[in-house]
Amino acid sequence: MENTGDNSNKEKLVLRNSSIISHTSLFLILISYIVLSGVKFSIFVALTMFVVIMIIAGLFIYFKRNINRSKSSENNVFYYMANDLSWRYVIYLSIFFFIALILGGTIKIVHEYSELIILNAFIIFIWAISANNPMVNFLIGKSVKLSDVFINNEVSQLSTEMNIKDPTVYILNTNNRIANAFEVNSKEAYVFITGYLMNILDYNEIIAVLAHELSHIKLRHNKKTSFINFITFIIIINFISLGLVTGNALLYFASPIFFILLLLFIFLGVPAIKRRNEIKADLNAVKYVNKQYLIDALEKISNIDKIPENVMKSLSLDHPSTAKRVKIIENSKS
């Protein structure tokens, strides 16, 4: 039987290989579409795109078959790779690009707006990559799985109570400089807590912080925020682009306004959404753990990370001031 260290290294290797192949495939189909859409349409062009898609499909089938031959009862890494969201995006974008290429070559109006289609394809491409959290493999490489049996049992119990699947908890090495915890949620959920934070919090405070991160997973904060960002970004960018492509006077002169709105959304809107998510995660966490433990943990983190208390300074931050969070938690009915 393989030991825990071997399983951990095996998981990291499979995750890394899956990510490299799937993201390379995403890049390949995007470049293929951009190049082929600029060539005069013919059966040969469509066939070339089809061949590219078939090569990518072959890679997916090859990896999936290898996964099925290497089932592991001790971890779910193979299930993760077989259902990796980036592979799904490879399939979806392949279909999208193939249809767009054919329509662009056969329908005049689609060809006239080919630049707009390419722009939207690029936005979808970037979103597909970001939605799959490409940083997760880097983070896992800098981390070790939490081995504390008692904390893992608490996480499992909290996950059951919140009706979510148990996430894998990792201790992230930050060279004793950052006191932080966060969750990464793609197909599988992961919770990362820095070793420094583990050292400065007591047992109950650690459980409270983990309950907060599990609450983000339960409330689907990362996925909802990603979707809102994508929809807002693609709508505003298209309004700006339509003004430049079509020459419509109203849209053309409104383009700077749309651009300002986009900047406001990025620098003020997105942080505001994330601050709201933090409050909701706090309120959900204290339904399952003693609120005082979470308050104590927040105050310790604030003292170390120097989270601003001034409202104006906090407008561009992802987290509300600690004083505000503590007050809301104290006033909660939990």
# chains A, B, ... in the order shown; residues from 1 in each chain; ligands from 1

call {"tool": "select_by_dssp", "arguments": {"residues": "stretch 65-221 of chain A", "states": "alpha helix (DSSP H)", "output": "PyMOL selection string"}}
result
chain A and resi 65-69+77-82+85-106+108-112+114-131+135-141+149-162+195-200+203-218+221

call {"tool": "residues_around", "arguments": {"residues": "stretch 269-284 of chain A", "least_positions_apart": "4", "cutoff": "9 Å", "atoms": "only C-alpha atoms", "output": "PyMOL selection string"}}
result
chain A and resi 211-216+218-219+221-222+225+229+263-265+288+291+294+315-320+325+328-329+332+334

call {"tool": "write_last_selection", "arguments": {"atoms": "C-alpha atoms", "output": "short mmCIF file (atom, residue, chain, number, x, y, z; two decimals), in the first residue's frame"}}
result
data_model
loop_
_atom_site.label_atom_id
_atom_site.label_comp_id
_atom_site.auth_asym_id
_atom_site.auth_seq_id
_atom_site.Cartn_x
_atom_site.Cartn_y
_atom_site.Cartn_z
CA ALA A 211 -15.98 27.05 9.37
CA HIS A 212 -15.81 30.48 7.73
CA GLU A 213 -14.04 29.03 4.68
CA LEU A 214 -16.49 26.12 4.47
CA SER A 215 -19.28 28.71 4.53
CA HIS A 216 -17.82 30.28 1.37
CA LYS A 218 -21.62 26.27 0.97
CA LEU A 219 -22.77 29.69 -0.25
CA HIS A 221 -19.30 32.64 -3.27
CA ASN A 222 -16.38 32.08 -5.64
CA THR A 225 -18.61 36.16 -8.02
CA ASN A 229 -17.66 39.34 -13.13
CA LEU A 263 -13.10 50.52 -14.10
CA LEU A 264 -15.50 51.38 -11.29
CA PHE A 265 -16.80 47.83 -11.29
CA TYR A 288 -22.00 26.04 13.63
CA LYS A 291 -19.05 33.19 17.72
CA LEU A 294 -14.33 33.50 15.34
CA LEU A 315 -13.19 50.53 -0.18
CA SER A 316 -10.75 48.75 -2.48
CA LEU A 317 -10.12 45.82 -0.11
CA ASP A 318 -11.69 42.36 -0.32
CA HIS A 319 -12.44 42.26 3.42
CA PRO A 320 -14.45 44.64 5.63
CA ARG A 325 -17.17 42.22 11.17
CA ILE A 328 -22.06 42.17 12.98
CA ILE A 329 -21.07 38.82 14.49
CA SER A 332 -26.08 38.01 15.10
CA SER A 334 -26.52 32.62 16.41
#

call {"tool": "residues_around", "arguments": {"residues": "A:Ile53", "least_positions_apart": "6", "cutoff": "10 Å", "atoms": "only C-alpha atoms", "output": "list in words"}}
result
Ser25, Leu28, Ile29, Ser32, Leu47, Leu59, Val90, Ile91, Leu93, Ser94, Ile95, Phe97 and Phe98 of chain A

call {"tool": "write_last_selection", "arguments": {"atoms": "N, CA and C atoms", "output": "PDB file, in the first residue's frame"}}
result
ATOM      1  N   SER A  25      -4.478  22.945 -24.431  1.00  0.00           N
ATOM      2  CA  SER A  25      -5.524  22.683 -25.422  1.00  0.00           C
ATOM      3  C   SER A  25      -6.415  23.904 -25.616  1.00  0.00           C
ATOM      4  N   LEU A  28      -4.502  26.304 -27.693  1.00  0.00           N
ATOM      5  CA  LEU A  28      -4.372  25.820 -29.059  1.00  0.00           C
ATOM      6  C   LEU A  28      -5.630  26.084 -29.887  1.00  0.00           C
ATOM      7  N   ILE A  29      -6.797  25.813 -29.314  1.00  0.00           N
ATOM      8  CA  ILE A  29      -8.022  26.016 -30.098  1.00  0.00           C
ATOM      9  C   ILE A  29      -8.301  27.510 -30.293  1.00  0.00           C
ATOM     10  N   SER A  32      -5.883  28.606 -33.034  1.00  0.00           N
ATOM     11  CA  SER A  32      -6.325  28.004 -34.292  1.00  0.00           C
ATOM     12  C   SER A  32      -7.501  28.781 -34.876  1.00  0.00           C
ATOM     13  N   LEU A  47     -11.970  21.791 -42.198  1.00  0.00           N
ATOM     14  CA  LEU A  47     -11.374  20.485 -41.911  1.00  0.00           C
ATOM     15  C   LEU A  47     -10.172  20.619 -40.985  1.00  0.00           C
ATOM     16  N   LEU A  59      -6.524  13.495 -26.916  1.00  0.00           N
ATOM     17  CA  LEU A  59      -5.773  13.677 -25.669  1.00  0.00           C
ATOM     18  C   LEU A  59      -6.656  13.438 -24.456  1.00  0.00           C
ATOM     19  N   VAL A  90     -12.678  23.063 -22.665  1.00  0.00           N
ATOM     20  CA  VAL A  90     -12.034  22.699 -23.930  1.00  0.00           C
ATOM     21  C   VAL A  90     -13.090  22.200 -24.920  1.00  0.00           C
ATOM     22  N   ILE A  91     -13.965  21.341 -24.449  1.00  0.00           N
ATOM     23  CA  ILE A  91     -15.021  20.786 -25.313  1.00  0.00           C
ATOM     24  C   ILE A  91     -15.994  21.879 -25.747  1.00  0.00           C
ATOM     25  N   LEU A  93     -15.631  25.197 -25.832  1.00  0.00           N
ATOM     26  CA  LEU A  93     -15.027  26.198 -26.705  1.00  0.00           C
ATOM     27  C   LEU A  93     -14.694  25.621 -28.083  1.00  0.00           C
ATOM     28  N   SER A  94     -14.342  24.346 -28.137  1.00  0.00           N
ATOM     29  CA  SER A  94     -14.088  23.714 -29.436  1.00  0.00           C
ATOM     30  C   SER A  94     -15.341  23.761 -30.301  1.00  0.00           C
ATOM     31  N   ILE A  95     -16.478  23.409 -29.702  1.00  0.00           N
ATOM     32  CA  ILE A  95     -17.750  23.449 -30.430  1.00  0.00           C
ATOM     33  C   ILE A  95     -18.083  24.881 -30.847  1.00  0.00           C
ATOM     34  N   PHE A  97     -16.046  27.511 -31.302  1.00  0.00           N
ATOM     35  CA  PHE A  97     -15.142  28.016 -32.337  1.00  0.00           C
ATOM     36  C   PHE A  97     -15.443  27.376 -33.691  1.00  0.00           C
ATOM     37  N   PHE A  98     -15.743  26.076 -33.690  1.00  0.00           N
ATOM     38  CA  PHE A  98     -16.019  25.378 -34.944  1.00  0.00           C
ATOM     39  C   PHE A  98     -17.281  25.940 -35.610  1.00  0.00           C
TER      40      PHE A  98
END

call {"tool": "residues_around", "arguments": {"residues": "A:Leu251", "least_positions_apart": "2", "cutoff": "12 Å", "atoms": "only C-alpha atoms", "output": "ChimeraX atom specification"}}
result
/A:236-249,253-259

call {"tool": "closest_residue", "arguments": {"among": "A:Leu201, A:Ile234, A:Val209, A:Ile217", "to": "A:Asn163", "atoms": "only C-alpha atoms"}}
result
A:Ile217

call {"tool": "closest_residue", "arguments": {"among": "A:Ile207, A:Ile61, A:Leu172, A:Ala100", "to": "A:Phe138", "atoms": "only C-alpha atoms"}}
result
A:Leu172

call {"tool": "residues_around", "arguments": {"residues": "A:Asn153", "least_positions_apart": "5", "cutoff": "12 Å", "atoms": "only C-alpha atoms", "output": "PyMOL selection string"}}
result
chain A and resi 146-148+158-160+166-169+207+210

call {"tool": "atom_distance", "arguments": {"atom1": "atom CA of A:Ser18", "atom2": "atom CA of A:Asn173"}}
result
23.6 Å

call {"tool": "decode", "arguments": {"residues": "stretch 26-69 of chain A", "atoms": "N, CA and C atoms", "output": "PDB file, in the first residue's frame"}}
result
ATOM      1  N   LEU A  26      -6.756  24.569 -24.517  1.00  0.00           N
ATOM      2  CA  LEU A  26      -7.549  25.800 -24.615  1.00  0.00           C
ATOM      3  C   LEU A  26      -6.831  26.841 -25.471  1.00  0.00           C
ATOM      4  N   PHE A  27      -5.550  27.006 -25.201  1.00  0.00           N
ATOM      5  CA  PHE A  27      -4.753  27.977 -25.955  1.00  0.00           C
ATOM      6  C   PHE A  27      -4.661  27.590 -27.427  1.00  0.00           C
ATOM      7  N   LEU A  28      -4.502  26.304 -27.693  1.00  0.00           N
ATOM      8  CA  LEU A  28      -4.372  25.820 -29.059  1.00  0.00           C
ATOM      9  C   LEU A  28      -5.630  26.084 -29.887  1.00  0.00           C
ATOM     10  N   ILE A  29      -6.797  25.813 -29.314  1.00  0.00           N
ATOM     11  CA  ILE A  29      -8.022  26.016 -30.098  1.00  0.00           C
ATOM     12  C   ILE A  29      -8.301  27.510 -30.293  1.00  0.00           C
ATOM     13  N   LEU A  30      -7.920  28.349 -29.316  1.00  0.00           N
ATOM     14  CA  LEU A  30      -8.113  29.791 -29.475  1.00  0.00           C
ATOM     15  C   LEU A  30      -7.242  30.314 -30.615  1.00  0.00           C
ATOM     16  N   ILE A  31      -5.949  29.965 -30.602  1.00  0.00           N
ATOM     17  CA  ILE A  31      -5.033  30.417 -31.654  1.00  0.00           C
ATOM     18  C   ILE A  31      -5.461  29.874 -33.012  1.00  0.00           C
ATOM     19  N   SER A  32      -5.883  28.606 -33.034  1.00  0.00           N
ATOM     20  CA  SER A  32      -6.325  28.004 -34.292  1.00  0.00           C
ATOM     21  C   SER A  32      -7.501  28.781 -34.876  1.00  0.00           C
ATOM     22  N   TYR A  33      -8.447  29.137 -34.006  1.00  0.00           N
ATOM     23  CA  TYR A  33      -9.619  29.870 -34.493  1.00  0.00           C
ATOM     24  C   TYR A  33      -9.230  31.253 -35.011  1.00  0.00           C
ATOM     25  N   ILE A  34      -8.380  31.959 -34.260  1.00  0.00           N
ATOM     26  CA  ILE A  34      -7.966  33.305 -34.673  1.00  0.00           C
ATOM     27  C   ILE A  34      -7.263  33.260 -36.039  1.00  0.00           C
ATOM     28  N   VAL A  35      -6.359  32.280 -36.213  1.00  0.00           N
ATOM     29  CA  VAL A  35      -5.618  32.162 -37.478  1.00  0.00           C
ATOM     30  C   VAL A  35      -6.560  31.774 -38.617  1.00  0.00           C
ATOM     31  N   LEU A  36      -7.383  30.764 -38.407  1.00  0.00           N
ATOM     32  CA  LEU A  36      -8.245  30.258 -39.478  1.00  0.00           C
ATOM     33  C   LEU A  36      -9.367  31.221 -39.840  1.00  0.00           C
ATOM     34  N   SER A  37      -9.817  32.026 -38.857  1.00  0.00           N
ATOM     35  CA  SER A  37     -10.888  32.980 -39.159  1.00  0.00           C
ATOM     36  C   SER A  37     -10.388  34.114 -40.048  1.00  0.00           C
ATOM     37  N   GLY A  38      -9.070  34.297 -40.096  1.00  0.00           N
ATOM     38  CA  GLY A  38      -8.500  35.331 -40.955  1.00  0.00           C
ATOM     39  C   GLY A  38      -8.177  34.839 -42.351  1.00  0.00           C
ATOM     40  N   VAL A  39      -8.377  33.546 -42.578  1.00  0.00           N
ATOM     41  CA  VAL A  39      -8.131  32.953 -43.891  1.00  0.00           C
ATOM     42  C   VAL A  39      -9.465  32.829 -44.633  1.00  0.00           C
ATOM     43  N   LYS A  40      -9.424  32.970 -45.957  1.00  0.00           N
ATOM     44  CA  LYS A  40     -10.644  32.816 -46.742  1.00  0.00           C
ATOM     45  C   LYS A  40     -11.239  31.439 -46.493  1.00  0.00           C
ATOM     46  N   PHE A  41     -12.535  31.428 -46.151  1.00  0.00           N
ATOM     47  CA  PHE A  41     -13.178  30.179 -45.739  1.00  0.00           C
ATOM     48  C   PHE A  41     -13.228  29.166 -46.890  1.00  0.00           C
ATOM     49  N   SER A  42     -12.962  27.916 -46.546  1.00  0.00           N
ATOM     50  CA  SER A  42     -13.066  26.806 -47.495  1.00  0.00           C
ATOM     51  C   SER A  42     -13.271  25.521 -46.700  1.00  0.00           C
ATOM     52  N   ILE A  43     -13.560  24.456 -47.402  1.00  0.00           N
ATOM     53  CA  ILE A  43     -13.704  23.154 -46.740  1.00  0.00           C
ATOM     54  C   ILE A  43     -12.410  22.779 -46.029  1.00  0.00           C
ATOM     55  N   PHE A  44     -11.279  23.147 -46.640  1.00  0.00           N
ATOM     56  CA  PHE A  44      -9.972  22.846 -46.040  1.00  0.00           C
ATOM     57  C   PHE A  44      -9.818  23.546 -44.686  1.00  0.00           C
ATOM     58  N   VAL A  45     -10.259  24.798 -44.602  1.00  0.00           N
ATOM     59  CA  VAL A  45     -10.176  25.553 -43.346  1.00  0.00           C
ATOM     60  C   VAL A  45     -11.011  24.876 -42.264  1.00  0.00           C
ATOM     61  N   ALA A  46     -12.252  24.526 -42.617  1.00  0.00           N
ATOM     62  CA  ALA A  46     -13.128  23.853 -41.658  1.00  0.00           C
ATOM     63  C   ALA A  46     -12.545  22.510 -41.235  1.00  0.00           C
ATOM     64  N   LEU A  47     -11.970  21.791 -42.198  1.00  0.00           N
ATOM     65  CA  LEU A  47     -11.374  20.485 -41.911  1.00  0.00           C
ATOM     66  C   LEU A  47     -10.172  20.619 -40.985  1.00  0.00           C
ATOM     67  N   THR A  48      -9.374  21.672 -41.180  1.00  0.00           N
ATOM     68  CA  THR A  48      -8.212  21.904 -40.315  1.00  0.00           C
ATOM     69  C   THR A  48      -8.650  22.122 -38.869  1.00  0.00           C
ATOM     70  N   MET A  49      -9.679  22.949 -38.682  1.00  0.00           N
ATOM     71  CA  MET A  49     -10.197  23.193 -37.339  1.00  0.00           C
ATOM     72  C   MET A  49     -10.741  21.903 -36.738  1.00  0.00           C
ATOM     73  N   PHE A  50     -11.406  21.110 -37.562  1.00  0.00           N
ATOM     74  CA  PHE A  50     -11.958  19.845 -37.091  1.00  0.00           C
ATOM     75  C   PHE A  50     -10.843  18.901 -36.639  1.00  0.00           C
ATOM     76  N   VAL A  51      -9.746  18.855 -37.398  1.00  0.00           N
ATOM     77  CA  VAL A  51      -8.610  18.001 -37.046  1.00  0.00           C
ATOM     78  C   VAL A  51      -8.000  18.425 -35.713  1.00  0.00           C
ATOM     79  N   VAL A  52      -7.873  19.757 -35.508  1.00  0.00           N
ATOM     80  CA  VAL A  52      -7.348  20.270 -34.235  1.00  0.00           C
ATOM     81  C   VAL A  52      -8.228  19.802 -33.081  1.00  0.00           C
ATOM     82  N   ILE A  53      -9.534  19.899 -33.265  1.00  0.00           N
ATOM     83  CA  ILE A  53     -10.473  19.483 -32.224  1.00  0.00           C
ATOM     84  C   ILE A  53     -10.364  17.987 -31.962  1.00  0.00           C
ATOM     85  N   MET A  54     -10.194  17.198 -33.024  1.00  0.00           N
ATOM     86  CA  MET A  54     -10.076  15.749 -32.863  1.00  0.00           C
ATOM     87  C   MET A  54      -8.795  15.374 -32.109  1.00  0.00           C
ATOM     88  N   ILE A  55      -7.721  16.108 -32.364  1.00  0.00           N
ATOM     89  CA  ILE A  55      -6.466  15.857 -31.632  1.00  0.00           C
ATOM     90  C   ILE A  55      -6.670  16.111 -30.147  1.00  0.00           C
ATOM     91  N   ILE A  56      -7.339  17.213 -29.831  1.00  0.00           N
ATOM     92  CA  ILE A  56      -7.604  17.545 -28.435  1.00  0.00           C
ATOM     93  C   ILE A  56      -8.516  16.499 -27.802  1.00  0.00           C
ATOM     94  N   ALA A  57      -9.539  16.062 -28.556  1.00  0.00           N
ATOM     95  CA  ALA A  57     -10.442  15.027 -28.054  1.00  0.00           C
ATOM     96  C   ALA A  57      -9.676  13.734 -27.785  1.00  0.00           C
ATOM     97  N   GLY A  58      -8.726  13.436 -28.665  1.00  0.00           N
ATOM     98  CA  GLY A  58      -7.902  12.250 -28.473  1.00  0.00           C
ATOM     99  C   GLY A  58      -7.081  12.325 -27.197  1.00  0.00           C
ATOM    100  N   LEU A  59      -6.524  13.495 -26.916  1.00  0.00           N
ATOM    101  CA  LEU A  59      -5.773  13.677 -25.669  1.00  0.00           C
ATOM    102  C   LEU A  59      -6.656  13.438 -24.456  1.00  0.00           C
ATOM    103  N   PHE A  60      -7.862  13.987 -24.518  1.00  0.00           N
ATOM    104  CA  PHE A  60      -8.791  13.834 -23.399  1.00  0.00           C
ATOM    105  C   PHE A  60      -9.132  12.359 -23.173  1.00  0.00           C
ATOM    106  N   ILE A  61      -9.440  11.635 -24.265  1.00  0.00           N
ATOM    107  CA  ILE A  61      -9.788  10.216 -24.150  1.00  0.00           C
ATOM    108  C   ILE A  61      -8.605   9.407 -23.616  1.00  0.00           C
ATOM    109  N   TYR A  62      -7.399   9.745 -24.098  1.00  0.00           N
ATOM    110  CA  TYR A  62      -6.195   9.034 -23.655  1.00  0.00           C
ATOM    111  C   TYR A  62      -5.989   9.192 -22.154  1.00  0.00           C
ATOM    112  N   PHE A  63      -6.094  10.447 -21.661  1.00  0.00           N
ATOM    113  CA  PHE A  63      -5.901  10.690 -20.234  1.00  0.00           C
ATOM    114  C   PHE A  63      -7.004  10.034 -19.408  1.00  0.00           C
ATOM    115  N   LYS A  64      -8.232  10.104 -19.911  1.00  0.00           N
ATOM    116  CA  LYS A  64      -9.340   9.535 -19.149  1.00  0.00           C
ATOM    117  C   LYS A  64      -9.197   8.019 -19.024  1.00  0.00           C
ATOM    118  N   ARG A  65      -8.749   7.365 -20.087  1.00  0.00           N
ATOM    119  CA  ARG A  65      -8.549   5.912 -20.030  1.00  0.00           C
ATOM    120  C   ARG A  65      -7.457   5.554 -19.036  1.00  0.00           C
ATOM    121  N   ASN A  66      -6.393   6.330 -19.020  1.00  0.00           N
ATOM    122  CA  ASN A  66      -5.315   6.082 -18.055  1.00  0.00           C
ATOM    123  C   ASN A  66      -5.799   6.258 -16.628  1.00  0.00           C
ATOM    124  N   ILE A  67      -6.688   7.242 -16.436  1.00  0.00           N
ATOM    125  CA  ILE A  67      -7.246   7.480 -15.101  1.00  0.00           C
ATOM    126  C   ILE A  67      -8.064   6.278 -14.656  1.00  0.00           C
ATOM    127  N   ASN A  68      -8.894   5.769 -15.564  1.00  0.00           N
ATOM    128  CA  ASN A  68      -9.756   4.643 -15.221  1.00  0.00           C
ATOM    129  C   ASN A  68      -8.961   3.387 -14.891  1.00  0.00           C
ATOM    130  N   ARG A  69      -7.750   3.292 -15.427  1.00  0.00           N
ATOM    131  CA  ARG A  69      -6.901   2.140 -15.120  1.00  0.00           C
ATOM    132  C   ARG A  69      -6.165   2.305 -13.796  1.00  0.00           C
TER     133      ARG A  69
END
